[in-house]
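Novice: Here you go, data.csv (CSV, C-alpha atoms):
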chain,number,residue,atom,x,y,z
T,1,MET,CA,6.1,6.2,1.6
T,2,LEU,CA,9.1,8.5,1.7
T,3,PHE,CA,9.6,12.1,2.2
T,4,ARG,CA,12.4,14.6,1.8
T,5,ASN,CA,13.0,16.9,4.8
T,6,THR,CA,15.8,19.3,3.8
T,7,SER,CA,18.7,16.8,3.2
T,8,ASP,CA,16.9,13.8,4.7
T,9,TYR,CA,14.5,11.4,3.1
T,10,PHE,CA,11.6,10.0,5.0
T,11,LEU,CA,9.7,6.9,4.5
T,12,CYS,CA,6.3,6.1,5.4
T,13,SER,CA,3.9,3.5,4.1
T,14,LEU,CA,0.5,4.8,4.1
T,15,ALA,CA,-0.7,4.5,0.8
T,16,GLY,CA,-3.9,4.7,0.0
T,17,ILE,CA,-6.0,2.7,-2.2
T,18,LEU,CA,-8.3,4.2,-4.8
T,19,ALA,CA,-11.4,2.4,-5.6
T,20,ILE,CA,-14.3,3.8,-7.5
T,21,SER,CA,-18.0,3.5,-7.4
T,22,HIS,CA,-19.6,0.1,-7.4
T,23,SER,CA,-23.2,-0.5,-8.2
T,24,THR,CA,-25.0,-3.3,-9.9
T,25,ASN,CA,-26.2,-0.6,-12.4
T,26,VAL,CA,-22.7,0.4,-13.3
T,27,LYS,CA,-21.0,-1.5,-16.2
T,28,ALA,CA,-17.3,-1.3,-16.7
T,29,SER,CA,-16.1,-0.3,-20.2
T,30,PRO,CA,-13.3,-2.5,-21.7
T,31,ILE,CA,-9.8,-1.2,-21.6
T,32,THR,CA,-8.7,0.0,-25.0
T,33,GLN,CA,-5.1,-0.2,-26.3
T,34,GLY,CA,-3.2,2.9,-25.4
T,35,PRO,CA,0.2,3.9,-23.9
T,36,ALA,CA,1.9,1.1,-21.8
T,37,VAL,CA,2.0,3.6,-18.9
T,38,ARG,CA,-0.9,6.0,-18.5
T,39,ASP,CA,-2.6,8.0,-15.8
T,40,ILE,CA,-5.9,6.8,-14.5
T,41,TYR,CA,-6.9,9.6,-12.2
T,42,GLN,CA,-5.1,12.5,-10.5
T,43,PHE,CA,-6.3,13.9,-7.2
T,44,ARG,CA,-6.2,17.6,-6.4
T,45,ASN,CA,-3.0,19.2,-5.1
T,46,GLY,CA,-2.3,18.4,-1.5
T,47,THR,CA,-3.6,14.9,-1.7
T,48,SER,CA,-0.9,12.2,-1.5
T,49,LEU,CA,-1.7,8.5,-1.9
T,50,GLU,CA,0.0,5.9,0.2
T,51,ASN,CA,-1.4,2.4,-0.4
T,52,MET,CA,-3.9,0.5,-2.4
T,53,ALA,CA,-6.0,-2.7,-2.6
T,54,VAL,CA,-8.1,-4.1,-5.4
T,55,ARG,CA,-11.7,-5.2,-4.9
T,56,PRO,CA,-13.0,-8.5,-6.4
T,57,ASN,CA,-15.0,-6.4,-8.9
T,58,GLY,CA,-11.9,-4.7,-10.1
T,59,ASN,CA,-12.4,-1.3,-8.4
T,60,LEU,CA,-9.5,0.2,-6.5
T,61,LEU,CA,-9.4,1.3,-2.9
T,62,VAL,CA,-6.8,4.0,-2.2
T,63,ASN,CA,-5.6,5.2,1.2
T,64,VAL,CA,-4.6,8.9,1.5
T,65,ILE,CA,-1.7,9.9,3.8
T,66,THR,CA,-2.4,13.6,3.9
T,67,SER,CA,-6.0,13.1,5.2
T,68,PRO,CA,-7.8,10.2,6.9
T,69,ASP,CA,-9.7,9.2,3.8
T,70,ILE,CA,-10.1,6.1,1.7
T,71,TYR,CA,-11.4,6.5,-1.9
T,72,GLN,CA,-12.7,4.1,-4.5
T,73,VAL,CA,-11.6,4.5,-8.1
T,74,ASN,CA,-13.1,2.6,-11.0
T,75,PRO,CA,-10.1,2.1,-13.4
T,76,PHE,CA,-12.4,1.4,-16.3
T,77,ASN,CA,-14.4,4.6,-15.8
T,78,PRO,CA,-12.4,6.8,-13.4
T,79,ALA,CA,-14.2,10.2,-13.9
T,80,THR,CA,-15.1,10.7,-10.3
T,81,PRO,CA,-13.7,8.8,-7.3
T,82,SER,CA,-16.0,8.1,-4.4
T,83,LEU,CA,-15.0,8.9,-0.8
T,84,VAL,CA,-15.7,5.6,0.9
T,85,HIS,CA,-15.0,6.8,4.4
T,86,ASN,CA,-13.4,9.5,6.5
T,87,PHE,CA,-11.9,8.6,9.9
T,88,PRO,CA,-12.4,11.7,12.1
T,89,GLY,CA,-9.8,12.5,14.7
T,90,ASN,CA,-7.0,11.0,12.6
T,91,MET,CA,-4.5,12.4,10.2
T,92,ALA,CA,-3.7,9.6,7.8
T,93,LEU,CA,-4.3,6.2,6.4
T,94,LEU,CA,-1.5,3.7,5.8
T,95,GLY,CA,-1.7,0.0,5.1
T,96,ILE,CA,-4.6,-1.9,3.6
T,97,THR,CA,-5.2,-5.6,3.0
T,98,GLU,CA,-8.2,-7.9,2.1
T,99,VAL,CA,-9.1,-10.2,5.0
T,100,GLU,CA,-12.3,-11.7,3.6
T,101,PRO,CA,-13.9,-11.3,0.1
T,102,ASP,CA,-14.5,-7.6,-0.3
T,103,ILE,CA,-13.7,-6.9,3.4
T,104,PHE,CA,-10.5,-4.9,4.1
T,105,ALA,CA,-8.4,-4.1,7.1
T,106,VAL,CA,-7.1,-0.5,7.2
T,107,ILE,CA,-4.5,1.2,9.3
T,108,VAL,CA,-5.4,4.6,10.7
T,109,GLY,CA,-3.3,6.9,12.7
T,110,ASN,CA,-1.7,10.3,13.3
T,111,PHE,CA,1.2,10.9,11.0
T,112,SER,CA,1.8,14.4,9.6
T,113,ALA,CA,3.1,14.6,6.0
T,114,THR,CA,3.8,18.3,6.6
T,115,THR,CA,6.0,18.0,9.7
T,116,ILE,CA,7.1,14.4,8.9
T,117,ALA,CA,6.2,13.3,12.4
T,118,THR,CA,4.4,10.3,13.9
T,119,ILE,CA,2.5,10.2,17.1
T,120,PRO,CA,3.3,6.9,18.8
T,121,GLY,CA,0.3,5.2,20.3
T,122,SER,CA,-2.2,6.8,18.0
T,123,TYR,CA,-2.6,3.9,15.6
T,124,SER,CA,-5.5,1.5,15.2
T,125,VAL,CA,-6.9,-1.0,12.7
T,126,TRP,CA,-10.4,-1.0,11.2
T,127,THR,CA,-12.4,-3.1,8.9
T,128,VAL,CA,-14.0,-1.6,5.8
T,129,ASP,CA,-16.7,-4.0,4.5
T,130,MET,CA,-17.4,-3.0,0.9
T,131,ARG,CA,-20.1,-5.6,0.3
T,132,SER,CA,-22.8,-3.1,1.2
T,133,PHE,CA,-21.2,-0.2,-0.8
T,134,GLY,CA,-22.8,1.1,-3.9
T,135,CYS,CA,-22.5,4.3,-6.0
T,136,GLU,CA,-23.4,5.9,-9.2
T,137,GLU,CA,-21.0,6.5,-12.1
T,138,ASN,CA,-20.6,10.1,-11.0
T,139,GLY,CA,-19.3,8.9,-7.7
T,140,LYS,CA,-22.5,9.7,-5.7
T,141,ILE,CA,-22.8,7.1,-2.9
T,142,ILE,CA,-26.0,5.1,-2.8
T,143,THR,CA,-25.2,2.8,0.1
T,144,ARG,CA,-22.2,3.1,2.4
T,145,ALA,CA,-19.5,0.6,3.5
T,146,ALA,CA,-19.8,-0.9,6.9
T,147,VAL,CA,-16.8,0.4,9.0
T,148,SER,CA,-15.9,-0.9,12.4
T,149,LYS,CA,-12.8,-0.8,14.7
T,150,ILE,CA,-10.8,-4.0,15.2
T,151,ALA,CA,-8.3,-2.7,17.8
T,152,SER,CA,-6.1,0.1,18.9
T,153,ILE,CA,-2.4,-0.7,19.1
T,154,PRO,CA,-1.0,1.8,21.7
T,155,GLU,CA,2.5,0.2,21.5
T,156,GLY,CA,2.6,1.0,17.8
T,157,GLN,CA,5.1,3.7,16.8
T,158,LEU,CA,4.4,4.0,13.1
T,159,LEU,CA,2.2,1.2,11.7
T,160,ASN,CA,2.7,1.0,8.0
T,161,GLY,CA,2.4,-1.9,5.6
T,162,MET,CA,0.0,-4.8,6.3
T,163,THR,CA,-0.7,-8.2,4.8
T,164,HIS,CA,-3.1,-11.1,5.4
T,165,ILE,CA,-1.3,-14.3,6.3
T,166,ALA,CA,-3.5,-16.6,4.3
T,167,GLN,CA,-7.0,-17.1,3.1
T,168,GLY,CA,-9.2,-18.2,6.0
T,169,SER,CA,-6.6,-17.1,8.6
T,170,PRO,CA,-7.7,-14.5,11.2
T,171,TYR,CA,-4.3,-13.0,11.3
T,172,VAL,CA,-2.7,-10.0,9.6
T,173,LEU,CA,0.9,-8.9,9.9
T,174,ILE,CA,1.6,-5.2,10.3
T,175,ALA,CA,5.0,-3.5,9.8
T,176,ASP,CA,5.9,-1.0,12.5
T,177,SER,CA,8.4,1.3,10.8
T,178,GLY,CA,9.3,3.0,14.0
T,179,LEU,CA,9.8,-0.1,16.1
T,180,GLY,CA,11.5,-2.0,13.3
T,181,GLY,CA,9.4,-5.1,13.8
T,182,VAL,CA,6.1,-6.8,12.8
T,183,PHE,CA,2.9,-7.1,14.9
T,184,ARG,CA,0.4,-10.0,14.4
T,185,LEU,CA,-3.2,-9.0,14.8
T,186,ASN,CA,-6.2,-11.3,15.0
T,187,VAL,CA,-8.9,-9.4,13.1
T,188,LYS,CA,-11.7,-11.5,14.7
T,189,THR,CA,-10.7,-10.9,18.4
T,190,GLY,CA,-8.6,-7.8,18.2
T,191,LYS,CA,-5.7,-9.5,20.1
T,192,TYR,CA,-2.2,-8.7,18.9
T,193,LYS,CA,1.4,-9.2,19.8
T,194,ILE,CA,4.9,-8.5,18.4
T,195,ALA,CA,5.6,-11.4,16.0
T,196,ILE,CA,8.9,-10.6,14.5
T,197,LEU,CA,11.9,-8.6,15.5
T,198,ASP,CA,14.9,-8.8,13.2
T,199,PRO,CA,18.0,-6.6,12.7
T,200,LEU,CA,17.1,-6.2,9.0
T,201,MET,CA,13.8,-4.6,10.0
T,202,LYS,CA,15.4,-1.9,12.1
T,203,PRO,CA,15.8,1.8,11.3
T,204,GLU,CA,19.2,3.4,10.9
T,205,ALA,CA,20.9,4.1,14.2
T,206,THR,CA,20.9,7.9,13.3
T,207,GLY,CA,18.8,10.0,11.0
T,208,VAL,CA,15.3,9.2,9.9
T,209,GLN,CA,14.0,6.4,12.2
T,210,ILE,CA,12.0,4.4,9.6
T,211,GLY,CA,12.7,0.6,9.2
T,212,VAL,CA,10.5,-2.1,7.7
T,213,ASN,CA,7.9,-0.7,5.4
T,214,GLY,CA,5.9,-2.8,2.9
T,215,VAL,CA,5.2,-6.5,3.8
T,216,HIS,CA,3.7,-9.3,1.8
T,217,ILE,CA,3.8,-13.1,1.9
T,218,SER,CA,4.8,-15.5,-0.8
T,219,GLY,CA,5.3,-19.2,-0.2
T,220,SER,CA,6.5,-19.6,3.4
T,221,ASN,CA,8.3,-16.2,3.5
T,222,LEU,CA,7.4,-12.8,4.6
T,223,TYR,CA,8.9,-10.4,2.1
T,224,PHE,CA,9.6,-6.8,3.1
T,225,THR,CA,11.2,-3.5,2.2
T,226,ASN,CA,13.5,-1.5,4.3
T,227,SER,CA,13.7,1.9,2.5
T,228,ILE,CA,16.6,3.5,4.4
T,229,LEU,CA,18.8,1.0,6.3
T,230,ASN,CA,22.0,0.3,4.4
T,231,GLY,CA,20.7,2.3,1.4
T,232,GLY,CA,17.4,0.4,1.2
T,233,PHE,CA,16.7,-3.2,0.2
T,234,PHE,CA,14.2,-5.9,-0.5
T,235,ALA,CA,14.4,-8.9,2.0
T,236,LYS,CA,12.6,-12.0,3.2
T,237,VAL,CA,12.2,-13.9,6.4
T,238,PRO,CA,10.8,-17.5,6.8
T,239,ILE,CA,7.6,-17.6,8.9
T,240,GLN,CA,5.1,-20.1,10.3
T,241,LEU,CA,1.9,-19.9,8.2
T,242,SER,CA,-0.6,-21.6,10.6
T,243,GLY,CA,-1.2,-22.7,14.1
T,244,PRO,CA,-0.7,-20.7,17.3
T,245,ASP,CA,2.6,-19.4,16.1
T,246,ALA,CA,1.4,-18.3,12.7
T,247,GLY,CA,3.2,-15.2,11.6
T,248,THR,CA,6.3,-15.8,13.7
T,249,ALA,CA,9.8,-16.1,12.2
T,250,THR,CA,11.3,-19.6,11.8
T,251,GLY,CA,14.7,-18.2,10.8
T,252,LYS,CA,16.7,-15.1,10.2
T,253,ALA,CA,15.9,-12.5,7.5
T,254,GLU,CA,18.1,-12.2,4.5
T,255,ILE,CA,18.5,-9.5,1.8
T,256,VAL,CA,17.1,-10.5,-1.6
T,257,ALA,CA,18.2,-7.4,-3.6
T,258,ALA,CA,19.7,-4.0,-2.8
T,259,ILE,CA,17.1,-2.1,-4.7
T,260,GLY,CA,17.2,1.3,-2.9
T,261,GLY,CA,14.2,3.1,-1.5
T,262,GLY,CA,11.4,0.5,-1.9
T,263,ASP,CA,8.0,1.2,-0.4
T,264,ASP,CA,5.0,-1.2,-0.9
T,265,PHE,CA,5.0,-4.0,-3.5
T,266,THR,CA,3.2,-7.0,-4.8
T,267,ILE,CA,4.3,-10.5,-5.8
T,268,ASN,CA,2.9,-12.5,-8.7
T,269,SER,CA,2.2,-16.2,-9.0
T,270,GLU,CA,5.8,-16.9,-10.3
T,271,GLY,CA,7.3,-15.3,-7.2
T,272,ASN,CA,8.4,-12.1,-9.0
T,273,ALA,CA,8.0,-8.9,-7.1
T,274,TYR,CA,7.0,-5.5,-8.4
T,275,VAL,CA,8.3,-2.8,-6.0
T,276,ALA,CA,7.3,0.8,-5.8
T,277,ASN,CA,10.6,2.7,-5.4
T,278,VAL,CA,9.5,6.0,-4.0
T,279,PHE,CA,13.0,7.6,-4.0
T,280,GLN,CA,13.8,6.8,-7.6
T,281,ASN,CA,10.3,7.4,-9.0
T,282,LEU,CA,10.1,4.0,-10.7
T,283,VAL,CA,8.7,0.5,-10.4
T,284,GLN,CA,11.2,-2.4,-10.2
T,285,HIS,CA,10.8,-6.0,-11.1
T,286,VAL,CA,12.7,-8.3,-8.7
T,287,THR,CA,13.1,-12.1,-9.4
T,288,PRO,CA,13.2,-14.6,-6.6
T,289,ASP,CA,17.0,-14.9,-7.0
T,290,GLY,CA,17.5,-11.2,-6.6
T,291,LYS,CA,17.9,-9.9,-10.1
T,292,PHE,CA,16.1,-6.6,-10.6
T,293,ARG,CA,15.4,-4.0,-13.3
T,294,ALA,CA,13.3,-0.9,-13.8
T,295,VAL,CA,10.0,-1.6,-15.4
T,296,ALA,CA,8.8,2.0,-15.8
T,297,GLY,CA,9.7,5.5,-14.5
T,298,ALA,CA,13.0,7.1,-13.8
T,299,VAL,CA,14.5,9.4,-11.2
T,300,ASN,CA,14.1,12.5,-13.3
T,301,GLN,CA,10.6,11.6,-14.7
T,302,THR,CA,7.3,12.6,-13.3
T,303,ILE,CA,5.0,9.7,-14.6
T,304,LEU,CA,5.6,7.8,-11.4
T,305,GLU,CA,6.9,10.6,-9.2
T,306,GLY,CA,6.7,9.5,-5.6
T,307,VAL,CA,5.3,6.0,-6.4
T,308,THR,CA,4.2,4.4,-3.2
T,309,SER,CA,2.3,1.1,-3.9
T,310,VAL,CA,1.4,-1.3,-6.7
T,311,GLN,CA,-1.2,-4.0,-7.2
T,312,PHE,CA,-2.3,-6.1,-10.2
T,313,GLY,CA,-5.9,-5.9,-11.6
T,314,ARG,CA,-8.2,-8.7,-10.7
T,315,THR,CA,-10.5,-9.0,-13.8
T,316,ALA,CA,-10.0,-10.6,-17.2
T,317,LYS,CA,-9.8,-7.1,-18.7
T,318,ASP,CA,-6.8,-6.0,-16.6
T,319,LYS,CA,-5.0,-9.0,-15.3
T,320,ASN,CA,-1.8,-7.7,-17.0
T,321,ILE,CA,-2.3,-4.2,-15.6
T,322,LEU,CA,-0.2,-3.1,-12.6
T,323,TYR,CA,-1.8,-0.2,-10.9
T,324,ALA,CA,0.4,2.2,-9.0
T,325,THR,CA,-0.3,5.0,-6.5
T,326,THR,CA,1.9,8.1,-6.1
T,327,ASN,CA,2.3,10.9,-3.6
T,328,GLY,CA,2.8,13.6,-6.2
T,329,GLY,CA,6.4,14.3,-5.3
T,330,LEU,CA,6.0,14.4,-1.5
T,331,ALA,CA,9.3,12.5,-1.3
T,332,GLY,CA,11.0,15.3,-3.3
T,333,THR,CA,10.0,16.7,-6.7
T,334,VAL,CA,11.8,16.2,-9.9
T,335,PRO,CA,14.1,19.2,-10.5
T,336,GLY,CA,12.2,22.0,-12.3
T,337,THR,CA,8.8,20.7,-11.2
T,338,PHE,CA,6.5,21.3,-8.2
T,339,LEU,CA,4.4,19.2,-5.8
T,340,VAL,CA,1.2,17.9,-7.4
T,341,GLY,CA,-1.7,15.8,-6.5
T,342,GLY,CA,-1.1,12.1,-6.1
T,343,LYS,CA,-2.5,9.8,-8.8
T,344,VAL,CA,-3.3,6.3,-9.9
T,345,VAL,CA,-1.3,5.1,-12.9
T,346,ALA,CA,-1.8,1.9,-15.0
T,347,LEU,CA,1.2,-0.1,-16.3
T,348,ASP,CA,0.7,-2.8,-18.9
T,349,VAL,CA,3.5,-5.1,-17.8
T,350,SER,CA,2.9,-7.3,-20.9
T,351,ARG,CA,4.4,-4.5,-22.9
T,352,LEU,CA,7.1,-3.4,-20.6
Before anything else, please render the file you have as structure tokens.

Specialist:
Amino acid sequence: MLFRNTSDYFLCSLAGILAISHSTNVKASPITQGPAVRDIYQFRNGTSLENMAVRPNGNLLVNVITSPDIYQVNPFNPATPSLVHNFPGNMALLGITEVEPDIFAVIVGNFSATTIATIPGSYSVWTVDMRSFGCEENGKIITRAAVSKIASIPEGQLLNGMTHIAQGSPYVLIADSGLGGVFRLNVKTGKYKIAILDPLMKPEATGVQIGVNGVHISGSNLYFTNSILNGGFFAKVPIQLSGPDAGTATGKAEIVAAIGGGDDFTINSEGNAYVANVFQNLVQHVTPDGKFRAVAGAVNQTILEGVTSVQFGRTAKDKNILYATTNGGLAGTVPGTFLVGGKVVALDVSRL
């Protein structure tokens, strides 16, 4: 996620993930044909969303960067989101990734969206087990998620994006935007280490000290965004996928495309990336050979103002729907507008 501080832009990846109520008594309504880009739900003013994950049942989990909250939003019936959990003593939530079916790892820490400051050493990773979670259509919680701490990472400067290495693996990779590197964490044991340090992950030498941001794996490469260095780009680095060296680099990183201020992203089965460009208020499509184009949004449009993360739907009803979270203009509002609440937006990529 990126912020504007006077003349500087700031990046931080904390996104949240919206996911709404889940109950065996709640039936999803089918998606009807409408605009190719449409709002699903907008939060109150002062709520900025940073990252998102999609549950197996199709509900969205959204991390908030302006408070230590994770919400659930039902994209088929988004009337009232459910507050899944609040993490007392913290200021923000950042990365999120599914580590087992309906079990998610979440980054928690002290980052201030108001002062644009991180507190190094304050970051930790938790599991949010949604298998026990249930709620009514009005968002009222029936049974709560099981939440437990995996590990504190006191060496972390600004833990941001996070991705699971592979199905069945105990490891997640965590971008440290302040360090300019990637930690590997064993979600079963809590043990961690620095797995990757590469010049393309570093922050700029001067100015805002934010480097590697979003991270995801496709094939044998870890793809990542660096939102500020050299104007911002989308890059990849080859990694080991299994064994004791899982998550470590097997070569040097290289730039795939100079896309500008990319935040979090997702990659489809064909290897095409969809990147949230928080500086330019748009979502970009990036091919494996580096060609890129805008899918939706524009620098002077508010539909995707401050877009921070994207994820595809997981049900038959919404497999072509790309969900996006926004910070409501926290990275700098469109001229003539003002900061608003972050929102979840649906993009029908089959029509874009």

Novice: Could you give me, as CSV, every region 58-120 of chain T residue with an atom at most 10 Å from region 170-177 of chain T, plus its closest atom pair and distance in Å to one decimal, counting all atoms listed in the file, rows ordered by chain then number?

Specialist:
residue,atom,partner,partner_atom,distance
T:Gly95,CA,T:Ile174,CA,8.1
T:Ile96,CA,T:Ile174,CA,9.7
T:Thr97,CA,T:Val172,CA,8.3
T:Glu98,CA,T:Val172,CA,9.5
T:Val99,CA,T:Pro170,CA,7.7
T:Glu100,CA,T:Pro170,CA,9.3
T:Ala105,CA,T:Val172,CA,8.6
T:Ile107,CA,T:Ile174,CA,8.9

Novice: Quick one: write out the picked residues with C-alpha atoms as a JSON list (two decimals), in the frame of the given file?

Specialist:
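Saved as part32.json:
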[["chain", "number", "residue", "atom", "x", "y", "z"],
["T", 95, "GLY", "CA", -1.70, 0.00, 5.10],
["T", 96, "ILE", "CA", -4.60, -1.90, 3.60],
["T", 97, "THR", "CA", -5.20, -5.60, 3.00],
["T", 98, "GLU", "CA", -8.20, -7.90, 2.10],
["T", 99, "VAL", "CA", -9.10, -10.20, 5.00],
["T", 100, "GLU", "CA", -12.30, -11.70, 3.60],
["T", 105, "ALA", "CA", -8.40, -4.10, 7.10],
["T", 107, "ILE", "CA", -4.50, 1.20, 9.30]]

Novice: Residues at most 7 Å from Gly58 (chain T), counting all atoms listed in the file, excluding those fewer than 6 positions away in the same chain, as an NGL selection string?

Specialist: :T and (313-315)

Novice: Between T:Val106, T:Ala113, T:Val299, T:Ile194, which residue has the minimum interatomic distance to Ala151 (chain T), considering all atoms listed in the file?

Specialist: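 Of the candidates, the smallest distance to Ala151 (chain T) is held by T:Val106.
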
Novice: When distances are computed from all atoms listed in the file, which of T:Gln301, T:Gln167, T:Ile141, T:Thr127 shows the smallest separation from Lys188 (chain T)?

Specialist: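 Ranking T:Gln301, T:Gln167, T:Ile141, T:Thr127 by distance to Lys188 (chain T), first place goes to T:Thr127.
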
Novice: Please give the centre and size of the box around region 68-78 of chain T (axis-aligned, containing every atom listed in the file, 8 Å added per side), with values in Å to one decimal and written as AutoDock Vina command-line options.

Specialist:
--center_x -11.1 --center_y 5.8 --center_z -4.7 --size_x 22.6 --size_y 24.8 --size_z 39.2

Novice: One decimal, Å: what's the distance from CA of Gly261 (chain T) over to CA of Ala117 (chain T), could you say?

Specialist: 19.0 Å

Novice: Just the residues within 12 Å of Leu158 (chain T), please, counting all atoms listed in the file, with nothing from its chain fewer than 6 positions along; format it as a ChimeraX atom specification.

Specialist: /T:1,11-14,92-95,107-112,116-124,174-183,203,209-213

Novice: Could you pull the residues within 6 Å of region 325-335 of chain T, counting all atoms listed in the file, minus those fewer than 5 positions along the same chain, as a list in words?

Specialist: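 These residues fall inside the cut-off: Leu2, Phe3, Arg4, Ser48, Leu49, Asn300, Glu305, Gly306, Val307, Thr308, Ser309, Val340, Gly341, Gly342, Lys343 and Val344 of chain T.
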
Novice: Rounded to one decimal, what separation in Å do you get between CA of Val64 (chain T) and CA of Phe265 (chain T)?

Specialist: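 Computing it gives 16.8 Å between the two atoms.
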
Novice: Could you tell me which of T:Thr225, T:Thr266, T:Ser218, T:Asn51 comes closest to Ile165 (chain T) if we count all atoms listed in the file?

Specialist: T:Ser218

Novice: Given only C-alpha atoms as the basis, pick out the residue of T:Leu185, T:Leu322, T:Val215, T:Ala53 nearest to Met201 (chain T).

Specialist: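 For Met201 (chain T), the nearest of the given residues is T:Val215.
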
Novice: CA of Ala276 (chain T) and CA of Asn74 (chain T) are how many Å apart?

Specialist: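 It comes out at 21.1 Å.
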
Novice: Write out as a PyMOL selection string each polymer residue whose atoms come within 7 Å of Tyr223 (chain T), counting all atoms listed in the file; drop sequence neighbours fewer than 4 positions from it.

Specialist: chain T and resi 215-217+235-237

Novice: If you count only C-alpha atoms, which residues fall within 12 Å of Lys291 (chain T), apart from same-chain ones fewer than 2 positions away, as a PyMOL selection string?

Specialist: chain T and resi 234+255-259+272-274+284-289+293-294

Novice: Counting all atoms listed in the file, which of T:Asp263, T:Glu254, T:Asp348, T:Asp129 gets nearest to Asn221 (chain T)?

Specialist: T:Glu254

Novice: Select, from T:Ala253, T:Val147, T:Ile321, T:Ala36, the residue with the minimum atom-to-atom distance to Leu222 (chain T), counting only C-alpha atoms.

Specialist: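 Distance minimum relative to Leu222 (chain T) lands on T:Ala253.
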